[in-house]
$ cat coords28.cif   # mmCIF, C-alpha atoms
data_run
#
loop_
_atom_site.label_atom_id
_atom_site.label_comp_id
_atom_site.auth_asym_id
_atom_site.auth_seq_id
_atom_site.Cartn_x
_atom_site.Cartn_y
_atom_site.Cartn_z
CA MET A 25 89.78 75.83 121.14
CA GLY A 26 88.66 75.84 124.78
CA ALA A 27 85.30 77.22 125.87
CA LEU A 28 86.89 80.32 127.43
CA ALA A 29 88.94 81.10 124.32
CA LEU A 30 85.89 80.59 122.08
CA SER A 31 83.83 82.94 124.25
CA ALA A 32 86.52 85.60 124.01
CA ALA A 33 86.76 85.23 120.23
CA VAL A 34 83.01 85.52 119.80
CA SER A 35 82.86 88.58 122.04
CA ARG A 36 85.25 90.44 119.72
CA ALA A 37 82.77 90.16 116.85
CA ARG A 38 80.47 92.75 118.40
CA ALA A 39 79.61 96.46 118.37
CA THR A 40 78.64 96.53 114.71
CA ILE A 41 75.93 99.17 115.16
CA ASP A 42 78.20 101.92 113.90
CA ALA A 43 77.89 103.85 110.64
CA SER A 44 81.59 103.42 109.91
CA LEU A 45 81.24 99.61 109.80
CA GLN A 46 78.22 99.20 107.54
CA MET A 47 79.94 99.60 104.17
CA GLN A 48 83.03 97.39 104.52
CA LEU A 49 82.38 95.71 101.15
CA GLY A 50 82.72 99.10 99.46
CA ASN A 51 80.51 101.44 97.46
CA PRO A 52 79.91 99.70 94.10
CA SER A 53 77.81 102.49 92.58
CA ASN A 54 79.87 105.40 93.92
CA ALA A 55 76.81 106.74 95.73
CA ILE A 56 77.36 110.16 97.29
CA THR A 57 75.59 112.40 99.77
CA ASP A 58 74.55 114.99 97.19
CA THR A 59 70.96 116.21 97.08
CA ASN A 60 71.27 116.70 93.32
CA ASN A 61 72.15 113.04 92.78
CA HIS A 62 68.71 111.51 92.23
CA ALA A 63 70.13 108.18 91.01
CA HIS A 64 72.63 107.25 93.74
CA TYR A 65 72.11 109.14 96.99
CA LEU A 66 74.16 107.75 99.87
CA ILE A 67 72.48 107.21 103.24
CA GLN A 68 74.72 106.16 106.14
CA ARG A 69 73.03 105.08 109.35
CA THR A 70 74.25 103.25 112.42
CA VAL A 71 72.40 100.10 111.26
CA GLU A 72 73.13 100.12 107.50
CA ALA A 73 74.30 102.06 104.47
CA ILE A 74 71.93 102.57 101.52
CA ASP A 75 72.24 103.75 97.94
CA TYR A 76 68.85 105.35 97.37
CA SER A 77 67.41 106.21 93.96
CA ASP A 78 64.81 108.95 93.82
CA ASN A 79 64.43 108.07 90.14
CA LEU A 80 63.36 104.52 91.02
CA GLY A 81 61.48 105.29 94.23
CA GLY A 82 63.56 102.89 96.26
CA PRO A 83 66.99 101.60 97.26
CA VAL A 84 69.59 100.35 94.77
CA TRP A 85 71.47 98.47 97.48
CA ALA A 86 71.91 98.25 101.22
CA SER A 87 75.03 97.14 103.07
CA TRP A 88 75.47 96.08 106.69
CA ASP A 89 77.52 94.12 109.21
CA LEU A 90 75.87 91.30 111.16
CA THR A 91 76.98 89.52 114.33
CA ALA A 92 75.23 87.62 117.11
CA SER A 93 75.02 90.80 119.17
CA ASP A 94 72.74 92.37 116.54
CA ILE A 95 70.14 89.61 116.95
CA GLY A 96 68.16 90.07 120.13
CA GLY A 97 64.71 90.17 121.64
CA SER A 98 63.36 93.58 120.63
CA GLY A 99 60.78 91.98 118.34
CA ARG A 100 59.50 93.23 115.01
CA ASN A 101 58.27 96.78 114.62
CA SER A 102 54.64 97.03 113.50
CA THR A 103 54.88 100.24 111.44
CA TYR A 104 56.64 101.39 108.29
CA TYR A 105 57.86 104.99 108.16
CA THR A 106 58.22 107.58 105.43
CA ASP A 107 61.89 108.56 105.38
CA THR A 108 61.65 112.27 106.13
CA ASN A 109 65.46 112.36 106.28
CA LEU A 110 65.62 112.17 102.49
CA PRO A 111 66.39 115.46 100.73
CA PRO A 112 63.37 117.78 100.39
CA ASN A 113 63.74 117.72 96.59
CA PHE A 114 63.22 113.92 96.58
CA TYR A 115 59.84 112.22 96.53
CA ARG A 116 59.44 110.48 99.89
CA VAL A 117 57.71 107.16 99.32
CA THR A 118 55.00 106.38 101.88
CA THR A 119 53.75 103.01 103.06
CA THR A 120 50.35 103.85 101.53
CA ASP A 121 52.08 104.17 98.15
CA TYR A 122 52.42 100.39 98.45
CA ASN A 123 48.67 99.90 98.87
CA GLY A 124 47.50 97.40 96.28
CA VAL A 125 50.76 95.50 95.98
CA GLY A 126 49.06 92.51 97.58
CA ASN A 127 46.73 92.38 94.60
CA ILE A 128 49.74 91.59 92.40
CA ASP A 129 51.23 89.26 95.06
CA PHE A 130 53.99 91.65 96.07
CA ASN A 131 55.22 92.78 99.51
CA ARG A 132 57.05 95.63 101.15
CA GLY A 133 60.40 93.83 101.10
CA HIS A 134 63.20 94.74 103.51
CA LEU A 135 66.78 94.94 102.31
CA CYS A 136 68.38 94.94 105.78
CA SER A 137 65.95 92.60 107.47
CA SER A 138 64.05 93.17 110.70
CA ASP A 139 65.62 90.08 112.28
CA ASP A 140 69.13 91.44 111.63
CA ARG A 141 68.43 94.46 113.84
CA THR A 142 66.58 93.14 116.87
CA ASP A 143 69.18 94.21 119.43
CA THR A 144 67.07 97.25 120.41
CA THR A 145 63.66 98.68 119.52
CA THR A 146 65.36 101.81 118.17
CA ASP A 147 67.59 99.88 115.79
CA ASN A 148 64.69 97.75 114.60
CA LYS A 149 62.64 100.84 113.79
CA LEU A 150 65.44 102.20 111.60
CA VAL A 151 65.09 99.35 109.10
CA PHE A 152 61.37 100.12 108.72
CA TYR A 153 62.07 103.37 106.87
CA MET A 154 60.63 103.09 103.37
CA SER A 155 64.11 103.88 102.03
CA ASN A 156 65.02 100.31 103.11
CA ILE A 157 62.04 98.79 101.27
CA MET A 158 61.81 97.36 97.74
CA PRO A 159 58.85 95.86 95.85
CA GLN A 160 59.37 92.13 96.32
CA SER A 161 57.21 89.27 95.16
CA GLY A 162 55.44 87.41 97.95
CA PRO A 163 56.79 83.96 97.01
CA ASN A 164 60.31 85.42 96.87
CA ASN A 165 60.08 87.40 100.11
CA GLN A 166 58.37 84.66 102.10
CA GLY A 167 60.26 81.75 100.51
CA VAL A 168 63.85 81.54 99.36
CA TRP A 169 64.69 85.09 100.53
CA GLU A 170 63.38 84.49 104.03
CA ASN A 171 65.26 81.19 104.16
CA LEU A 172 68.49 82.95 103.20
CA GLU A 173 67.91 85.60 105.88
CA SER A 174 67.43 82.81 108.40
CA ASP A 175 70.62 81.08 107.26
CA CYS A 176 72.58 84.32 107.72
CA ASN A 177 71.14 84.70 111.22
CA THR A 178 72.20 81.14 112.04
CA LEU A 179 75.75 81.78 110.82
CA ALA A 180 75.96 84.99 112.87
CA SER A 181 74.53 83.31 115.97
CA ALA A 182 77.26 80.66 115.64
CA GLY A 183 79.87 83.38 116.22
CA ASN A 184 80.68 84.48 112.67
CA GLU A 185 80.64 88.06 111.43
CA LEU A 186 78.82 88.61 108.14
CA LEU A 187 79.32 91.42 105.64
CA ILE A 188 76.09 91.63 103.66
CA MET A 189 74.97 93.61 100.64
CA CYS A 190 71.73 93.21 98.70
CA GLY A 191 69.27 94.98 96.45
CA PRO A 192 66.99 94.83 93.43
CA SER A 193 68.19 94.77 89.81
CA GLY A 194 66.90 94.63 86.26
CA PHE A 195 64.64 97.66 86.14
CA GLY A 196 62.37 98.15 83.18
CA ILE A 197 58.94 99.76 83.05
CA ASN A 198 57.14 97.74 85.74
CA LYS A 199 55.96 99.71 88.77
CA ILE A 200 53.85 99.10 91.84
CA PRO A 201 50.15 100.04 91.39
CA SER A 202 50.61 103.61 92.69
CA GLY A 203 53.40 104.17 90.17
CA LYS A 204 55.70 105.47 92.92
CA ALA A 205 58.34 102.72 92.81
CA TYR A 206 59.84 100.57 90.06
CA ILE A 207 59.91 96.78 90.37
CA GLY A 208 63.22 95.02 89.72
CA SER A 209 63.22 91.78 87.74
CA ASN A 210 65.60 90.19 90.28
CA VAL A 211 66.76 90.59 93.85
CA TRP A 212 70.34 89.77 94.77
CA LYS A 213 72.33 89.25 97.94
CA ILE A 214 75.99 88.76 98.80
CA ALA A 215 77.07 87.58 102.25
CA VAL A 216 80.74 87.19 103.19
CA ILE A 217 81.19 85.01 106.27
CA VAL A 218 84.16 85.99 108.42
CA PRO A 219 85.21 83.88 111.44
CA PRO A 220 85.58 85.77 114.76
CA GLY A 221 88.81 87.51 115.62
CA SER A 222 90.34 90.85 116.44
CA GLY A 223 90.00 93.95 114.27
CA THR A 224 87.30 94.70 111.73
CA ALA A 225 85.79 91.99 109.55
CA LEU A 226 87.39 93.69 106.55
CA SER A 227 90.85 93.30 108.09
CA ARG A 228 90.21 89.56 108.52
CA LEU A 229 89.10 88.82 104.97
CA ASN A 230 91.11 86.26 103.05
CA ALA A 231 90.73 83.87 100.12
CA THR A 232 89.31 81.11 102.32
CA ASN A 233 86.27 83.05 103.53
CA ARG A 234 82.96 81.53 102.49
CA VAL A 235 80.86 83.73 100.19
CA ILE A 236 77.15 83.33 99.43
CA ALA A 237 75.97 85.12 96.29
CA VAL A 238 72.50 84.79 94.77
CA SER A 239 70.31 86.51 92.20
CA ILE A 240 66.68 85.43 92.42
CA PRO A 241 63.88 86.19 89.93
CA ASN A 242 61.49 88.68 91.51
CA VAL A 243 58.42 86.86 90.19
CA THR A 244 55.20 85.51 91.63
CA ASN A 245 55.46 81.99 90.26
CA GLY A 246 58.09 79.37 89.56
CA LEU A 247 59.97 79.93 92.81
CA SER A 248 60.76 77.23 95.30
CA SER A 249 62.03 77.66 98.83
#
$ encode --input "coords28.cif" --output "structure tokens"
Amino acid sequence: MGALALSAAVSRARATIDASLQMQLGNPSNAITDTNNHAHYLIQRTVEAIDYSDNLGGPVWASWDLTASDIGGSGRNSTYYTDTNLPPNFYRVTTTDYNGVGNIDFNRGHLCSSDDRTDTTTDNKLVFYMSNIMPQSGPNNQGVWENLESDCNTLASAGNELLIMCGPSGFGINKIPSGKAYIGSNVWKIAVIVPPGSGTALSRLNATNRVIAVSIPNVTNGLSS
């Protein structure tokens, strides 16, 4: 493929900051926008879709589309935000509810990462809502998980379009010190890599597309990067 043709192909894998494009892999939990559904409440934003559980105090999964145009120079936001867009009958987790997680070697872990939404300051701020945050072990968040996020960025920067979904799993009785959010035993991520082309990424899926799927223990020891 010539340089001009490659440039044109890459340019078509753009404009993914659109609510209609963030859930192309589907809705595996049948989350719905119903204020009485405290287990699977659907949030659809321009930057991602989220299944939020008021019962767990955090997201069940997040889903988003990633291309090179989503990775820019806005930088990382310095503040986390209480999601006041959640229904008034839900508990709205605050960043201070996570105070003390460092004492158990846990972090405020992004589902849709900051780096995946650095096209504008506004889009970056949207992934700092606490509804996009899960309790994540430090070694996990800063090790293998961060490496996987970087790999996805590299694949997108090379001109691919990625359909990504991730979240925590394996909930038992463990909570963060404030008791406001449950800690999953694992964190998982699925990334479908779609080469550039016309139409939506979903319309270009076929049996040859590369798929990355991981489930990583959400623990503070025994992890390698």
$ resolve_selection --input "coords28.cif" --expression "the PyMOL selection byres ((chain A and resi 92) around 7)" --output "ChimeraX atom specification"
/A:91,93-95,180-181,183
$ write_last_selection --input "coords28.cif" --atoms "C-alpha atoms" --output "mmCIF file, in the coordinates of the input"
data_model
loop_
_atom_site.group_PDB
_atom_site.id
_atom_site.type_symbol
_atom_site.label_atom_id
_atom_site.label_comp_id
_atom_site.auth_asym_id
_atom_site.auth_seq_id
_atom_site.Cartn_x
_atom_site.Cartn_y
_atom_site.Cartn_z
ATOM 1 C CA THR A 91 76.980 89.520 114.330
ATOM 2 C CA SER A 93 75.020 90.800 119.170
ATOM 3 C CA ASP A 94 72.740 92.370 116.540
ATOM 4 C CA ILE A 95 70.140 89.610 116.950
ATOM 5 C CA ALA A 180 75.960 84.990 112.870
ATOM 6 C CA SER A 181 74.530 83.310 115.970
ATOM 7 C CA GLY A 183 79.870 83.380 116.220
#
$ closest_residue --input "coords28.cif" --among "A:Tyr76, A:Phe195, A:Trp212, A:Tyr122" --to "Asn165 of chain A" --atoms "all atoms listed in the file"
A:Trp212
$ atom_distance --input "coords28.cif" --atom1 "atom CA of Ser227 of chain A" --atom2 "atom CA of Ser44 of chain A"
13.8 Å
$ atom_distance --input "coords28.cif" --atom1 "atom CA of Thr232 of chain A" --atom2 "atom CA of Leu187 of chain A"
14.7 Å
$ resolve_selection --input "coords28.cif" --expression "the PyMOL selection byres ((chain A and resi 49-51) around 12)" --output "ChimeraX atom specification"
/A:44-48,52-56,64-68,73-75,84-89,186-190,214-217,224-227,229
$ atom_distance --input "coords28.cif" --atom1 "atom CA of Thr146 of chain A" --atom2 "atom CA of Ala43 of chain A"
14.8 Å
$ closest_residue --input "coords28.cif" --among "A:Ile157, A:Val235, A:Ala205, A:Ile200" --to "Asn127 of chain A" --atoms "all atoms listed in the file"
A:Ile200
$ resolve_selection --input "coords28.cif" --expression "the PyMOL selection byres ((chain A and resi 164) around 8)" --output "number ranges by chain"
A: 160-163, 165-170, 240-244, 247
$ closest_residue --input "coords28.cif" --among "A:Asn79, A:Thr103, A:Arg234, A:Ser239" --to "Gly194 of chain A" --atoms "all atoms listed in the file"
A:Ser239
$ closest_residue --input "coords28.cif" --among "A:Asp107, A:Asp121, A:Glu185, A:Asp139" --to "Val218 of chain A" --atoms "all atoms listed in the file"
A:Glu185
$ closest_residue --input "coords28.cif" --among "A:Leu172, A:Gly133, A:Val238, A:Leu179" --to "Met154 of chain A" --atoms "all atoms listed in the file"
A:Gly133
$ closest_residue --input "coords28.cif" --among "A:Asp140, A:Asn198, A:Pro159, A:Asn60" --to "Thr178 of chain A" --atoms "only C-alpha atoms"
A:Asp140
$ residues_around --input "coords28.cif" --residues "Thr106 of chain A" --least-positions-apart "2" --cutoff "9 Å" --atoms "all atoms listed in the file" --output "list in words"
Tyr104, Thr108, Asn109, Arg116, Val117, Thr118, Thr119, Phe152, Tyr153, Met154 and Ser155 of chain A
$ write_last_selection --input "coords28.cif" --atoms "C-alpha atoms" --output "compact mmCIF listing (two decimals), in the coordinates of the input"
# COMPACT_ATOMS: atom_id res chain seq x y z
CA TYR A 104 56.64 101.39 108.29
CA THR A 108 61.65 112.27 106.13
CA ASN A 109 65.46 112.36 106.28
CA ARG A 116 59.44 110.48 99.89
CA VAL A 117 57.71 107.16 99.32
CA THR A 118 55.00 106.38 101.88
CA THR A 119 53.75 103.01 103.06
CA PHE A 152 61.37 100.12 108.72
CA TYR A 153 62.07 103.37 106.87
CA MET A 154 60.63 103.09 103.37
CA SER A 155 64.11 103.88 102.03
